[in-house]
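Data file: entry_12.cif. Format and content: mmCIF, C-alpha atoms.
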```cif
data_final
loop_
_atom_site.label_atom_id
_atom_site.label_comp_id
_atom_site.auth_asym_id
_atom_site.auth_seq_id
_atom_site.Cartn_x
_atom_site.Cartn_y
_atom_site.Cartn_z
CA THR Z 1 -70.21 -0.59 39.84
CA THR Z 2 -67.25 -0.22 42.13
CA THR Z 3 -65.59 -3.23 40.54
CA SER Z 4 -66.27 -1.81 37.11
CA ARG Z 5 -64.71 1.52 38.06
CA GLY Z 6 -61.71 -0.24 39.53
CA GLY Z 7 -61.25 -2.26 36.37
CA GLY Z 8 -61.52 0.87 34.27
CA GLY Z 9 -58.88 2.64 36.36
CA GLY Z 10 -56.52 -0.31 35.94
CA GLY Z 11 -56.97 -0.19 32.17
CA VAL Z 12 -56.07 3.49 32.08
CA GLY Z 13 -52.96 2.76 34.13
CA LEU Z 14 -51.93 0.00 31.73
CA ASP Z 15 -52.43 2.34 28.78
CA LYS Z 16 -50.22 4.95 30.45
CA ASP Z 17 -47.53 2.34 31.13
CA ARG Z 18 -47.76 1.17 27.57
CA ASP Z 19 -47.44 4.74 26.24
CA SER Z 20 -44.48 5.47 28.50
CA GLY Z 21 -42.89 2.20 27.35
CA LYS Z 22 -43.28 3.22 23.73
CA GLY Z 23 -41.78 6.61 24.51
CA ALA Z 24 -38.79 5.00 26.21
CA GLU Z 25 -38.26 2.70 23.20
CA ALA Z 26 -38.40 5.69 20.84
CA LEU Z 27 -35.87 7.55 22.98
CA LEU Z 28 -33.62 4.50 23.05
CA ARG Z 29 -33.84 4.13 19.26
CA GLU Z 30 -33.04 7.84 18.82
CA PHE Z 31 -30.12 7.54 21.24
CA MET Z 32 -28.73 4.49 19.41
CA LEU Z 33 -29.06 6.33 16.10
CA ASP Z 34 -27.08 9.24 17.54
CA VAL Z 35 -24.42 6.83 18.81
CA SER Z 36 -24.33 5.10 15.44
CA ASP Z 37 -24.00 8.44 13.60
CA ALA Z 38 -21.20 9.50 15.92
CA ARG Z 39 -19.40 6.22 15.34
CA ARG Z 40 -19.76 6.52 11.58
CA THR Z 41 -18.46 10.09 11.65
CA ALA Z 42 -15.50 9.06 13.80
CA GLU Z 43 -14.68 6.20 11.44
CA CYS Z 44 -14.79 8.55 8.44
CA ASP Z 45 -12.40 10.92 10.20
CA ARG Z 46 -10.08 7.99 11.00
CA VAL Z 47 -10.02 6.74 7.41
CA LEU Z 48 -9.46 10.22 5.97
CA GLY Z 49 -6.70 10.96 8.48
CA CYS Z 50 -4.71 7.74 8.23
CA PHE Z 51 -1.65 7.00 6.09
CA LYS Z 52 -2.98 6.48 2.56
CA LEU Z 53 -0.17 4.24 1.23
CA ASN Z 54 -0.83 1.47 3.76
CA PRO Z 55 -4.05 -0.42 2.90
CA TYR Z 56 -3.95 -2.29 6.23
CA GLU Z 57 -4.07 0.99 8.13
CA ILE Z 58 -7.05 2.22 6.10
CA LEU Z 59 -8.96 -0.97 6.95
CA SER Z 60 -7.81 -0.77 10.60
CA LEU Z 61 -6.10 -4.17 10.32
CA TRP Z 62 -3.40 -3.87 12.97
CA LYS Z 63 -2.18 -7.43 12.29
CA GLN Z 64 -1.18 -6.05 8.89
CA ASP Z 65 0.73 -8.67 6.84
CA LEU Z 66 -0.25 -11.39 9.36
CA ALA Z 67 -3.97 -10.94 8.64
CA THR Z 68 -5.72 -13.75 6.76
CA SER Z 69 -7.83 -13.26 3.65
CA SER Z 70 -11.02 -13.90 5.63
CA GLU Z 71 -10.01 -11.30 8.22
CA ILE Z 72 -9.30 -8.78 5.46
CA ARG Z 73 -12.66 -9.46 3.82
CA ARG Z 74 -14.56 -9.23 7.14
CA GLN Z 75 -12.83 -5.99 8.13
CA PHE Z 76 -13.55 -4.46 4.73
CA ARG Z 77 -17.25 -5.19 5.13
CA GLN Z 78 -17.36 -3.64 8.60
CA VAL Z 79 -15.49 -0.47 7.67
CA SER Z 80 -17.29 -0.02 4.34
CA LEU Z 81 -20.68 -0.28 6.07
CA LEU Z 82 -19.67 2.38 8.57
CA VAL Z 83 -18.48 4.92 5.98
CA HIS Z 84 -20.95 4.15 3.19
CA PRO Z 85 -22.29 7.47 1.81
CA ASP Z 86 -25.88 6.20 1.92
CA LYS Z 87 -25.64 5.57 5.68
CA CYS Z 88 -23.04 8.06 6.89
CA LYS Z 89 -23.84 11.79 7.19
CA HIS Z 90 -20.19 12.88 7.06
CA LYS Z 91 -19.60 15.42 4.29
CA ASP Z 92 -16.57 13.45 3.01
CA ALA Z 93 -18.11 9.99 3.39
CA LYS Z 94 -17.78 9.34 -0.35
CA ALA Z 95 -14.04 10.05 -0.29
CA ALA Z 96 -13.60 7.79 2.75
CA PHE Z 97 -15.60 5.02 1.09
CA GLU Z 98 -13.44 5.28 -2.05
CA LEU Z 99 -10.27 4.97 0.05
CA VAL Z 100 -11.65 1.85 1.75
CA GLN Z 101 -12.57 0.32 -1.61
CA LYS Z 102 -9.10 1.05 -3.02
CA ALA Z 103 -7.41 -0.44 0.06
CA TYR Z 104 -9.40 -3.66 -0.28
CA LYS Z 105 -8.71 -3.77 -4.02
CA ASP Z 106 -4.97 -3.43 -3.34
CA LEU Z 107 -5.06 -6.27 -0.81
CA CYS Z 108 -6.91 -8.46 -3.31
CA ASP Z 109 -4.27 -7.74 -5.95
CA GLU Z 110 -1.42 -10.24 -5.48
CA GLU Z 111 1.35 -7.93 -6.67
CA ALA Z 112 0.20 -4.90 -4.63
CA LYS Z 113 -0.31 -7.04 -1.51
CA ARG Z 114 3.08 -8.71 -1.97
CA GLU Z 115 4.76 -5.31 -2.13
CA ALA Z 116 2.94 -4.03 0.98
CA ASP Z 117 3.69 -7.22 2.93
CA ALA Z 118 7.36 -7.15 1.93
CA THR Z 119 7.68 -3.53 3.10
CA ILE Z 120 6.03 -4.33 6.46
CA ARG Z 121 8.25 -7.39 6.95
CA HIS Z 122 11.30 -5.25 6.20
CA ALA Z 123 10.09 -2.70 8.76
CA ARG Z 124 9.66 -5.47 11.33
CA LEU Z 125 13.19 -6.78 10.70
CA GLU Z 126 14.63 -3.27 11.03
CA LEU Z 127 12.90 -2.83 14.39
CA ARG Z 128 14.18 -6.24 15.56
CA LYS Z 129 17.73 -5.27 14.70
CA GLU Z 130 17.40 -2.04 16.64
CA ARG Z 131 15.90 -3.87 19.62
CA ARG Z 132 18.65 -6.53 19.63
CA LYS Z 133 21.24 -3.78 19.99
CA LEU Z 134 19.39 -2.51 23.05
CA THR Z 135 18.69 -5.87 24.71
CA SER Z 136 22.11 -7.43 24.05
CA LYS Z 137 23.63 -5.30 26.82
CA ASP Z 138 20.60 -5.25 29.12
CA ASN Z 139 21.48 -7.54 32.06
CA ALA Z 140 17.92 -7.57 33.40
CA TYR Z 141 16.58 -8.64 30.01
CA LEU Z 142 19.24 -11.35 29.59
CA ALA Z 143 18.54 -12.70 33.08
CA ALA Z 144 14.79 -12.84 32.38
CA ALA Z 145 15.43 -14.63 29.05
CA ALA Z 146 17.77 -17.15 30.72
CA LEU Z 147 15.17 -17.84 33.41
CA ARG Z 148 12.49 -18.39 30.77
CA THR Z 149 14.79 -20.76 28.86
CA ALA Z 150 15.66 -22.76 32.01
CA THR Z 151 12.01 -22.98 33.05
CA THR Z 152 10.99 -24.21 29.60
CA ALA Z 153 13.81 -26.78 29.56
CA ALA Z 154 12.85 -28.04 33.03
CA ALA Z 155 9.20 -28.33 32.02
CA ALA Z 156 10.18 -30.22 28.88
CA GLY Z 157 12.39 -32.56 30.94
CA LYS Z 158 9.58 -33.31 33.39
CA ALA Z 159 7.22 -33.98 30.53
CA LYS Z 160 9.68 -36.46 29.04
CA GLU Z 161 10.11 -38.19 32.42
CA GLY Z 162 6.36 -38.48 32.79
CA GLU Z 163 6.16 -40.13 29.39
CA GLY Z 164 9.01 -42.53 30.21
CA ALA Z 165 11.66 -40.79 28.14
CA ALA Z 166 14.30 -42.90 26.42
CA PRO Z 167 18.02 -42.39 27.14
CA GLY Z 168 19.23 -39.08 25.81
CA GLY Z 169 16.08 -37.27 26.91
CA ASP Z 170 18.11 -34.62 28.71
CA ASN Z 171 19.82 -33.71 25.45
CA GLU Z 172 16.46 -33.43 23.76
CA ALA Z 173 15.25 -31.18 26.56
CA LYS Z 174 18.29 -28.95 26.12
CA GLU Z 175 17.77 -28.82 22.38
CA GLY Z 176 14.17 -27.88 23.00
CA ALA Z 177 15.36 -24.87 24.95
CA GLU Z 178 16.57 -23.34 21.68
CA LYS Z 179 14.77 -23.02 18.38
CA PRO Z 180 15.00 -20.98 15.20
CA GLY Z 181 13.71 -17.49 15.89
CA ALA Z 182 10.54 -17.56 13.82
CA GLU Z 183 9.41 -14.44 15.66
CA ALA Z 184 12.52 -12.77 17.02
CA GLY Z 185 14.90 -13.50 14.15
CA GLU Z 186 12.72 -14.05 11.12
CA GLY Z 187 14.56 -14.26 7.83
CA GLU Z 188 17.98 -14.06 9.46
CA GLY Z 189 18.77 -17.77 9.92
CA ARG Z 190 19.47 -17.25 13.62
CA THR Z 191 18.92 -19.73 16.42
CA VAL Z 192 17.26 -17.90 19.29
CA PRO Z 193 16.87 -19.23 22.84
CA VAL Z 194 13.30 -20.01 23.81
CA GLY Z 195 13.37 -17.40 26.56
CA VAL Z 196 14.35 -14.66 24.12
CA ALA Z 197 11.73 -15.82 21.60
CA GLN Z 198 9.03 -15.75 24.28
CA LEU Z 199 9.98 -12.27 25.48
CA GLU Z 200 10.13 -10.93 21.94
CA ALA Z 201 6.79 -12.51 21.01
CA GLU Z 202 5.18 -10.79 24.01
CA TYR Z 203 6.87 -7.50 23.12
CA GLU Z 204 5.77 -7.64 19.46
CA ALA Z 205 2.20 -8.29 20.57
CA SER Z 206 2.22 -5.06 22.57
CA GLU Z 207 0.53 -1.87 21.42
CA GLY Z 208 3.83 0.01 21.64
CA PHE Z 209 5.56 -2.26 19.15
CA GLN Z 210 2.58 -2.20 16.79
CA LYS Z 211 2.69 1.61 16.80
CA GLN Z 212 6.44 1.56 16.05
CA LEU Z 213 5.83 -0.96 13.26
CA ARG Z 214 3.18 1.26 11.65
CA LEU Z 215 5.49 4.29 11.80
CA LYS Z 216 8.45 2.32 10.39
CA ALA Z 217 6.30 0.88 7.61
CA GLN Z 218 5.03 4.39 6.87
CA GLU Z 219 8.62 5.63 6.57
CA LEU Z 220 9.63 2.81 4.22
CA MET Z 221 6.48 3.09 2.10
CA THR Z 222 7.02 6.84 1.76
CA GLN Z 223 10.60 6.27 0.60
CA LEU Z 224 9.43 3.62 -1.86
CA GLU Z 225 6.72 5.90 -3.26
CA TRP Z 226 9.21 8.76 -3.57
CA ARG Z 227 11.63 6.56 -5.53
CA ARG Z 228 8.77 5.37 -7.72
CA ARG Z 229 7.73 8.94 -8.50
CA GLN Z 230 11.30 9.99 -9.19
CA LEU Z 231 11.70 7.02 -11.53
CA GLY Z 232 8.41 7.95 -13.15
CA LYS Z 233 9.71 11.49 -13.75
CA ARG Z 234 12.94 10.19 -15.25
CA LEU Z 235 11.05 7.77 -17.47
CA LYS Z 236 8.70 10.54 -18.52
CA GLY Z 237 11.67 12.81 -19.32
CA GLU Z 238 13.36 10.03 -21.27
CA LYS Z 239 10.15 9.36 -23.19
CA GLU Z 240 9.78 13.06 -24.00
CA ARG Z 241 13.40 13.15 -25.21
CA VAL Z 242 12.92 10.09 -27.43
CA ASP Z 243 9.64 11.47 -28.78
CA LYS Z 244 11.32 14.80 -29.56
CA GLU Z 245 14.21 13.08 -31.34
CA ALA Z 246 11.73 11.00 -33.35
CA GLU Z 247 9.78 14.14 -34.21
CA ASN Z 248 12.97 15.96 -35.29
CA PHE Z 249 14.05 12.97 -37.37
CA LYS Z 250 10.65 12.84 -39.03
CA ALA Z 251 10.80 16.56 -39.79
CA GLU Z 252 14.32 16.20 -41.22
CA MET Z 253 13.29 13.29 -43.44
CA LYS Z 254 10.27 15.27 -44.61
CA LYS Z 255 12.50 18.22 -45.44
CA LYS Z 256 14.91 16.02 -47.41
CA ALA Z 257 12.03 14.41 -49.29
CA LYS Z 258 10.70 17.83 -50.18
CA GLU Z 259 14.12 18.97 -51.39
CA LYS Z 260 14.49 15.82 -53.47
CA ASN Z 261 11.05 16.31 -54.96
CA THR Z 262 11.91 19.93 -55.82
CA TRP Z 263 15.17 18.80 -57.40
CA GLU Z 264 13.39 16.19 -59.51
CA LYS Z 265 10.82 18.70 -60.68
CA GLY Z 266 13.55 21.16 -61.78
CA ARG Z 267 15.63 18.56 -63.65
CA GLU Z 268 13.99 19.21 -67.04
CA LYS Z 269 14.39 22.94 -66.69
CA ARG Z 270 18.05 22.59 -65.78
CA ALA Z 271 18.63 20.29 -68.76
CA SER Z 272 16.91 22.77 -71.08
CA ASN Z 273 19.00 25.63 -69.76
CA TRP Z 274 22.14 23.59 -70.28
CA ARG Z 275 21.22 22.82 -73.89
CA ASP Z 276 20.54 26.50 -74.58
CA PHE Z 277 23.86 27.42 -73.05
CA MET Z 278 25.76 24.89 -75.19
CA GLN Z 279 24.04 26.04 -78.39
CA LYS Z 280 24.90 29.67 -77.73
CA LYS Z 281 28.48 28.63 -77.08
CA LYS Z 282 28.70 26.81 -80.42
CA LYS Z 283 27.29 29.83 -82.31
CA LYS Z 284 29.91 32.06 -80.75
CA ARG Z 285 32.67 29.72 -81.95
CA LYS Z 286 31.35 29.74 -85.52
CA VAL Z 287 31.25 33.50 -85.53
#
```
Before anything else, please render the file you have as structure tokens.
Amino acid sequence: TTTSRGGGGGGVGLDKDRDSGKGAEALLREFMLDVSDARRTAECDRVLGCFKLNPYEILSLWKQDLATSSEIRRQFRQVSLLVHPDKCKHKDAKAAFELVQKAYKDLCDEEAKREADATIRHARLELRKERRKLTSKDNAYLAAAALRTATTAAAAGKAKEGEGAAPGGDNEAKEGAEKPGAEAGEGEGRTVPVGVAQLEAEYEASEGFQKQLRLKAQELMTQLEWRRRQLGKRLKGEKERVDKEAENFKAEMKKKAKEKNTWEKGREKRASNWRDFMQKKKKKRKV
């Protein structure tokens, strides 16, 4: 009997543990749902508050024009799932979802993507020009770049020696210390020392540069959109002017046609009046 009671007590304890375990799981699920809802709401606020003319910013693609098609597609899926109106409780979730869809559509459209990428590249080049003006007179920066270049050249020379470099290897090592600035001087046809290229690559990977790039791209895209709207207004005004001239011309031609028709209809009457006049004149002469 004692054993039976002991076994029964153990069963009750297991049931309590099981119930408490279920309660903890339910609390965890509820907590995760709250976290998920908060994340979805925050993402909706981010999408609604970001710069609408930059599709990369809407999709939170900070690599922007350097992002691959697979990265764009993956990011679209993630963001769209977060702000989908069926899953997000935010009151403006539908508007956020529509913005995300439009951004992805723009990046899938070759012409729209080409225009956005060109604007971002232009912004990057503008920032590089501004930075070159600052670093060209910065002795600390120039010393660091020279040290990087020398270190790279020395490493290249040692590598050549280890491989049994042919005569002229030193020249090759020196040439290797300079290369076209794919990062620091893109599109400018400049040859940039390796040290400078390395420093600039590190700088452009920083959060500070990425923020500057977004702001510069925003400025250029705003200017481009303003010019487009102004051109649209001028084209609309020109179209209205042409339409009005065409309408006036049509009305004038209609008026002339009406006058001609009236003239034709009165021809017989005028001829009859003329005959009567001539006959009366002849009678007067006879008299």
Notebook entry, point to check: Neighbours of Gln198 (chain Z) within 9 Å (all atoms listed in the file; same-chain residues fewer than 2 positions away dropped), as a PyMOL selection string?
Noted result: chain Z and resi 145+148-149+183-184+193-196+200-203
Checklist line | Answer key for the PyMOL selection byres ((chain Z and resi 56-71) around 9), residues as an MDAnalysis selection string | finding: chainID Z and resid 46:48 50:55 72:76 78:80 99:100 103:104 107:108 113 116:118 120:121 210 214
Margin query: As an exercise, work out the distance from CA of Pro85 (chain Z) to CA of Phe97 (chain Z) in Å and give it to one decimal place.
Written below: 7.2 Å
Next item on the list: For CA of Glu126 (chain Z) and CA of Arg227 (chain Z), determine how far apart the two atoms are, in Å to one decimal place.
Entry: 19.5 Å
